[in-house]
Amino acid sequence: MAPEGSAEARWLATQRPSRIREVQAGRLAWTQVDLLDVEEGNARALRGALEAFGVQVNYVRVGQPRHLVTALSAGTGHGAAPYVIIASHGDEGRIVLPELAAEMAEFQPFNEGMGPAEVRAHVRLPGSVVLLTGCDTGDPALVDAFLDAGASACVAPRGAPFGYASLFAPLFLFYELTERRTLPEAVASLRAHDDELAMWHLRTR
């Protein structure tokens with residue numbers, strides 16, 4: 001880190017306020033994100049962009065429900081990150097999971113999708129902000145389940161945004177957060193952008 005009062009610190013203080021200044025001053029990242037890729041298609045692109053914002057991304061590919069349970073139970077070895085993004089498809093208030101062969105599906109805690117009951121039974125995310133990208137994952141019952149599982153806030157779409165909107169929404173939010181906006185301010189800016197992005201809603205504990 002740039003020493004307080006040093007010439008570098010004084011120079012950084014003249015730049016536009018941004019969390020990226022912490023990285024320029026020597027920190028490896030200003031925050032961490034657990035990015036869970038549930039065969040959604042945009043997660044790798046999202047990872048690269050978030051890293052450009054000075055975010056440390058813990059990227060996890062989810063191929064079966066057990067992976068999702070492990071990643072969402074603060075049991076990945078480092079505890080839950082401050083932000084958790086579940087990049088997935090969604091349907092009727094459930095996170096859609098890959099279809100498995102019968103031999104593998106037999107040993108899963110659940111199959112096909114994660115809804116409110118599965119979240120309450122398996123998820124433990126003390127204090128994390130959860131961001132969901134799948135269609136209809138902003139259903140109040142699913143959001144409430146994540147809050148009951150310990151999340152401090154949940155941002156998710158009520159409705160079915162077109163595909164690249166589900167990539168742009170988290171990018172927009174993290175641009176705003178990097179520029180030192182609060183989460184409510186960031187979500188308000190996102191929702192004001194256009195009708196498609198107005199589908200995303202913020203709920204807090």
# chains A, B, ... in the order shown; residues from 1 in each chain; ligands from 1
$ select_by_dssp --residues "region 41-201 of chain A" --states "alpha helix (DSSP H)" --output "ChimeraX atom specification"
/A:43-52,65-71,102-105,116-122,140-148,163-178,183-193
$ write_last_selection --atoms "C-alpha atoms" --output "tab-separated table (two decimals), in the first residue's frame"
chain	number	residue	atom	x	y	z
A	43	ALA	CA	-20.02	-16.01	-16.19
A	44	ARG	CA	-16.53	-16.14	-17.72
A	45	ALA	CA	-16.99	-12.75	-19.38
A	46	LEU	CA	-18.34	-11.39	-16.10
A	47	ARG	CA	-15.30	-12.71	-14.24
A	48	GLY	CA	-12.87	-10.87	-16.50
A	49	ALA	CA	-14.77	-7.60	-16.23
A	50	LEU	CA	-15.05	-7.75	-12.44
A	51	GLU	CA	-11.31	-8.37	-12.15
A	52	ALA	CA	-10.76	-5.22	-14.25
A	65	PRO	CA	-26.55	-29.52	-6.70
A	66	ARG	CA	-23.88	-30.64	-4.22
A	67	HIS	CA	-21.48	-28.06	-5.69
A	68	LEU	CA	-24.06	-25.33	-5.18
A	69	VAL	CA	-24.75	-26.41	-1.61
A	70	THR	CA	-21.02	-26.39	-0.76
A	71	ALA	CA	-20.43	-22.99	-2.34
A	102	ALA	CA	-30.08	-40.92	-12.96
A	103	GLU	CA	-27.03	-42.62	-11.40
A	104	MET	CA	-25.66	-39.25	-10.24
A	105	ALA	CA	-28.97	-37.57	-9.48
A	116	PRO	CA	-37.07	-21.36	-1.38
A	117	ALA	CA	-37.26	-24.67	0.50
A	118	GLU	CA	-33.85	-25.80	-0.77
A	119	VAL	CA	-32.29	-22.43	0.06
A	120	ARG	CA	-33.60	-22.54	3.62
A	121	ALA	CA	-32.41	-26.11	4.08
A	122	HIS	CA	-28.90	-25.75	2.65
A	140	PRO	CA	-40.21	-12.61	-3.29
A	141	ALA	CA	-40.34	-16.14	-1.84
A	142	LEU	CA	-36.87	-16.99	-3.20
A	143	VAL	CA	-35.42	-13.64	-2.17
A	144	ASP	CA	-36.85	-13.97	1.34
A	145	ALA	CA	-35.30	-17.43	1.61
A	146	PHE	CA	-31.83	-16.01	0.86
A	147	LEU	CA	-32.37	-13.27	3.45
A	148	ASP	CA	-33.50	-15.87	5.98
A	163	GLY	CA	-29.77	-12.66	-22.13
A	164	TYR	CA	-27.22	-9.89	-22.35
A	165	ALA	CA	-29.14	-7.81	-19.82
A	166	SER	CA	-28.27	-10.53	-17.30
A	167	LEU	CA	-24.59	-9.88	-18.06
A	168	PHE	CA	-24.88	-6.10	-18.08
A	169	ALA	CA	-26.79	-5.82	-14.78
A	170	PRO	CA	-23.99	-7.12	-12.51
A	171	LEU	CA	-21.39	-5.18	-14.52
A	172	PHE	CA	-23.39	-1.97	-14.09
A	173	LEU	CA	-23.84	-2.59	-10.37
A	174	PHE	CA	-20.15	-3.24	-9.77
A	175	TYR	CA	-19.15	-0.20	-11.81
A	176	GLU	CA	-21.33	1.87	-9.49
A	177	LEU	CA	-19.96	0.15	-6.36
A	178	THR	CA	-16.38	0.64	-7.57
A	183	LEU	CA	-25.74	-0.60	-2.94
A	184	PRO	CA	-29.15	1.18	-2.86
A	185	GLU	CA	-27.71	3.99	-5.01
A	186	ALA	CA	-26.24	1.47	-7.46
A	187	VAL	CA	-29.52	-0.44	-7.79
A	188	ALA	CA	-31.45	2.81	-8.26
A	189	SER	CA	-29.12	3.81	-11.10
A	190	LEU	CA	-29.47	0.36	-12.67
A	191	ARG	CA	-33.26	0.44	-12.53
A	192	ALA	CA	-33.35	3.95	-14.01
A	193	HIS	CA	-31.28	2.91	-17.04
$ select_by_dssp --residues "region 18-183 of chain A" --states "strand (DSSP E)" --output "JSON, numbers by chain"
{"A": [31, 32, 33, 34, 35, 36, 37, 55, 56, 57, 58, 59, 60, 61, 83, 84, 85, 86, 87, 90, 91, 94, 95, 96, 113, 114, 129, 130, 131, 132, 153, 154, 155, 156, 157]}
$ closest_residue --among "A:Val129, A:Val62, A:Leu28, A:Met114" --to "Arg94 (chain A)" --atoms "only C-alpha atoms"
A:Met114
$ atom_distance --atom1 "CA of Phe53 (chain A)" --atom2 "CA of Gly41 (chain A)"
20.5 Å
$ residues_around --residues "Ala2 (chain A)" --least-positions-apart "3" --cutoff "12 Å" --atoms "only C-alpha atoms" --output "VMD selection string"
chain A and resid 5 to 13 21 to 27
$ atom_distance --atom1 "CA of Gly127 (chain A)" --atom2 "CA of Asp194 (chain A)"
29.6 Å
$ residues_around --residues "Leu35 (chain A)" --least-positions-apart "3" --cutoff "7 Å" --atoms "only C-alpha atoms" --output "VMD selection string"
chain A and resid 57 to 60 84 to 86
$ atom_distance --atom1 "CA of Gly138 (chain A)" --atom2 "CA of Ala81 (chain A)"
20.8 Å
$ closest_residue --among "A:Arg61, A:Arg19, A:Arg180, A:Arg205" --to "Ala151 (chain A)" --atoms "only C-alpha atoms"
A:Arg205
